[in-house]
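Trainee: Got a structure for you, written out below as structure tokens; questions coming shortly.
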Amino acid sequence: MTPKVSISYKTKNILIDELSKQDNIEVLKEAGFIKSLFTKKKYADVYFFSGSLDEKAIENIKNAKMIIVNSFASMNEVISKLKISHERVKVIYPSVTIEYKKTKDVKLKLCEELQIDPINKLIFFTAKNFKTSGVKEFLDICSSITYEDFKVIIAGTQKQIYSLKFQQQKYPKLESKLILLEDYKNMDDLFLSVDIFILPTYNKSFSSNIVKAMFCRCAVFLSIDNDAKEIVDVFASMDSPTDPSMTFKVDAVLKGQDDLKQIKKENRKLASEFSLVNNLAKINTIIENV
């Protein structure tokens, strides 16, 4: 009987969920306090790391045979700070599980729902934490756009949208263009409908929404503070969340129809490499060599 490969993680994700269904995988569970006093601690063969290098993560990394991280920035941090072998750390970008549909059809349906003209280009923002993800900076960018036919969509929780409504008056140029969606049920269709996704975030942790947007044929713009910068090109990178060149870049993409189509096509092709099926194949290849 082939021995199982044990895995553990700092943060659970869809790749780990799928991997745990395999017969050759054992997910190590954290021992309770009493049990830990009387049994020797067991460490996983493969440890999935993301986020900050706290004491617990460091212990698991040092004792694992293989460490999986979600960016090269994270890999370099682990290697340099913990002085472990480069061969023990592998990068697998966040997985995409969204069901892809023809974006034109989805957009027409959304425009009908929101009662907006389909001729409008749609610029989108969503995040778990609006403030640290740069919602103010996003609105500053959008309020300076000179292109006429566009709408701005921001989707969030009831609490996020409620707070944002008090800031609307600061952006009179967006009065007829801003659409706030509260607890919107079908977020996947939003990503499939929009043309541009902008994330002027201050957060370092890899934004999975960037992969999702690219997979859905969106042009993306992202501040280089975020690890997801590794999968976007130079033009799509923001030197900072308040990068003054952003308005020019967004205007250029909106006005250049052929350029926008090409960017969407290239983003879709690249992000398809990070589908759950592809990432599962990558991790299984790594596991075979543990």
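Going by the structure tokens order, chains are called A, B, ..., each with residues numbered from 1, while ligands are numbered from 1 in the order shown.
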Among range 34-121 of chain A, which residues does DSSP mark as alpha helix (DSSP H) when it is run on the backbone? Keep the chain and numbering as in the structure and answer as a ChimeraX atom specification.
Mentor: /A:34-38,55-63,72-82,103-114
Trainee: Which of range 49-175 of chain A counts as strand (DSSP E) under DSSP, as a list in words please?
Mentor: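 Filtering range 49-175 of chain A to strand (DSSP E) leaves Met66, Ile67, Ile68, Val69, Val89, Lys90, Val91, Lys121, Leu122, Ile123, Phe124, Phe125, Thr126, Phe150, Lys151, Val152, Ile153, Ile154, Ala155 and Gly156 of chain A.
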Trainee: Taking 5 positions as the minimum chain separation for residues in the same chain, which residues sit within 12 Å of Ser193 in chain A when counting only C-alpha atoms? Answer as a ChimeraX atom specification.
Mentor: /A:100-114,118,120-124,151,153,186-188,213,215-219
Trainee: Go ahead and save the residues from that selection, with C-alpha atoms, as a PDB file, in the first residue's frame.
Mentor:
```
ATOM      1  CA  TYR A 100     -16.461  30.839 -17.713  1.00  0.00           C
ATOM      2  CA  LYS A 101     -19.298  32.147 -19.887  1.00  0.00           C
ATOM      3  CA  LYS A 102     -19.409  34.402 -22.940  1.00  0.00           C
ATOM      4  CA  THR A 103     -18.726  37.785 -21.406  1.00  0.00           C
ATOM      5  CA  LYS A 104     -20.798  39.711 -23.960  1.00  0.00           C
ATOM      6  CA  ASP A 105     -23.953  37.769 -23.086  1.00  0.00           C
ATOM      7  CA  VAL A 106     -23.401  38.153 -19.344  1.00  0.00           C
ATOM      8  CA  LYS A 107     -22.777  41.886 -19.702  1.00  0.00           C
ATOM      9  CA  LEU A 108     -25.992  42.423 -21.673  1.00  0.00           C
ATOM     10  CA  LYS A 109     -27.958  40.676 -18.939  1.00  0.00           C
ATOM     11  CA  LEU A 110     -26.311  42.762 -16.223  1.00  0.00           C
ATOM     12  CA  CYS A 111     -26.884  46.020 -18.115  1.00  0.00           C
ATOM     13  CA  GLU A 112     -30.557  45.145 -18.427  1.00  0.00           C
ATOM     14  CA  GLU A 113     -30.729  44.411 -14.702  1.00  0.00           C
ATOM     15  CA  LEU A 114     -29.002  47.665 -13.738  1.00  0.00           C
ATOM     16  CA  PRO A 118     -24.495  48.326 -22.884  1.00  0.00           C
ATOM     17  CA  ASN A 120     -20.836  51.821 -21.453  1.00  0.00           C
ATOM     18  CA  LYS A 121     -17.518  50.379 -20.411  1.00  0.00           C
ATOM     19  CA  LEU A 122     -17.752  49.010 -16.865  1.00  0.00           C
ATOM     20  CA  ILE A 123     -15.045  49.717 -14.280  1.00  0.00           C
ATOM     21  CA  PHE A 124     -15.186  47.540 -11.174  1.00  0.00           C
ATOM     22  CA  LYS A 151     -20.014  53.309 -15.421  1.00  0.00           C
ATOM     23  CA  ILE A 153     -19.495  49.517 -10.134  1.00  0.00           C
ATOM     24  CA  ASN A 186     -23.721  36.594  -8.282  1.00  0.00           C
ATOM     25  CA  MET A 187     -20.240  38.068  -7.998  1.00  0.00           C
ATOM     26  CA  ASP A 188     -18.917  35.758 -10.713  1.00  0.00           C
ATOM     27  CA  ALA A 213     -10.650  39.300 -13.144  1.00  0.00           C
ATOM     28  CA  PHE A 215      -9.624  34.875 -16.097  1.00  0.00           C
ATOM     29  CA  CYS A 216     -12.906  36.689 -16.875  1.00  0.00           C
ATOM     30  CA  ARG A 217     -11.278  38.738 -19.655  1.00  0.00           C
ATOM     31  CA  CYS A 218     -10.873  41.981 -17.723  1.00  0.00           C
ATOM     32  CA  ALA A 219      -8.114  44.505 -18.072  1.00  0.00           C
TER      33      ALA A 219
END
```
Trainee: From the options A:Asp183, A:Glu77, A:Asp243, A:Glu87, which residue's atoms come nearest to Thr126 in chain A, counting only C-alpha atoms?
Mentor: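 Answer, going by the shortest atom-to-atom distance: A:Asp183.
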Trainee: Which residues are close to Lys261 in chain A, i.e. within 12 Å by only C-alpha atoms, leaving aside same-chain residues fewer than 4 positions away? Reply as a PyMOL selection string.
Mentor: chain A and resi 103+195-196+217-219+253-257+265-268
Trainee: Take the residues from that selection and write them out as a tab-separated table (two decimals), in the first residue's frame, keeping C-alpha atoms.
Mentor:
```
chain	number	residue	atom	x	y	z
A	103	THR	CA	-18.73	37.78	-21.41
A	195	ASP	CA	-14.22	45.61	-18.67
A	196	ILE	CA	-11.67	46.92	-16.18
A	217	ARG	CA	-11.28	38.74	-19.65
A	218	CYS	CA	-10.87	41.98	-17.72
A	219	ALA	CA	-8.11	44.51	-18.07
A	253	VAL	CA	-7.44	51.63	-22.49
A	254	LEU	CA	-11.02	52.91	-22.66
A	255	LYS	CA	-10.38	54.86	-25.83
A	256	GLY	CA	-8.31	52.15	-27.53
A	257	GLN	CA	-10.96	49.53	-28.31
A	265	LYS	CA	-7.48	38.17	-24.50
A	266	GLU	CA	-3.95	38.01	-23.10
A	267	ASN	CA	-5.15	38.21	-19.49
A	268	ARG	CA	-7.63	35.40	-20.05
```
Trainee: Skipping near chain neighbours, those fewer than 6 positions away, what residues fall within 10 Å of Ile84 in chain A using only C-alpha atoms, listed as a PyMOL selection string?
Mentor: chain A and resi 61-62+78
Trainee: Could you list, as a list of chain:residue names, every residue within 9 Å of Lys90 in chain A, counting only C-alpha atoms and ignoring same-chain residues fewer than 3 positions away?
Mentor: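 Selected residues are A:Met66, A:Ile67, A:Ile68, A:Val69, A:Asn70, A:Ser71, A:Phe72, A:Met75, A:His86, A:Glu87, A:Ile286.
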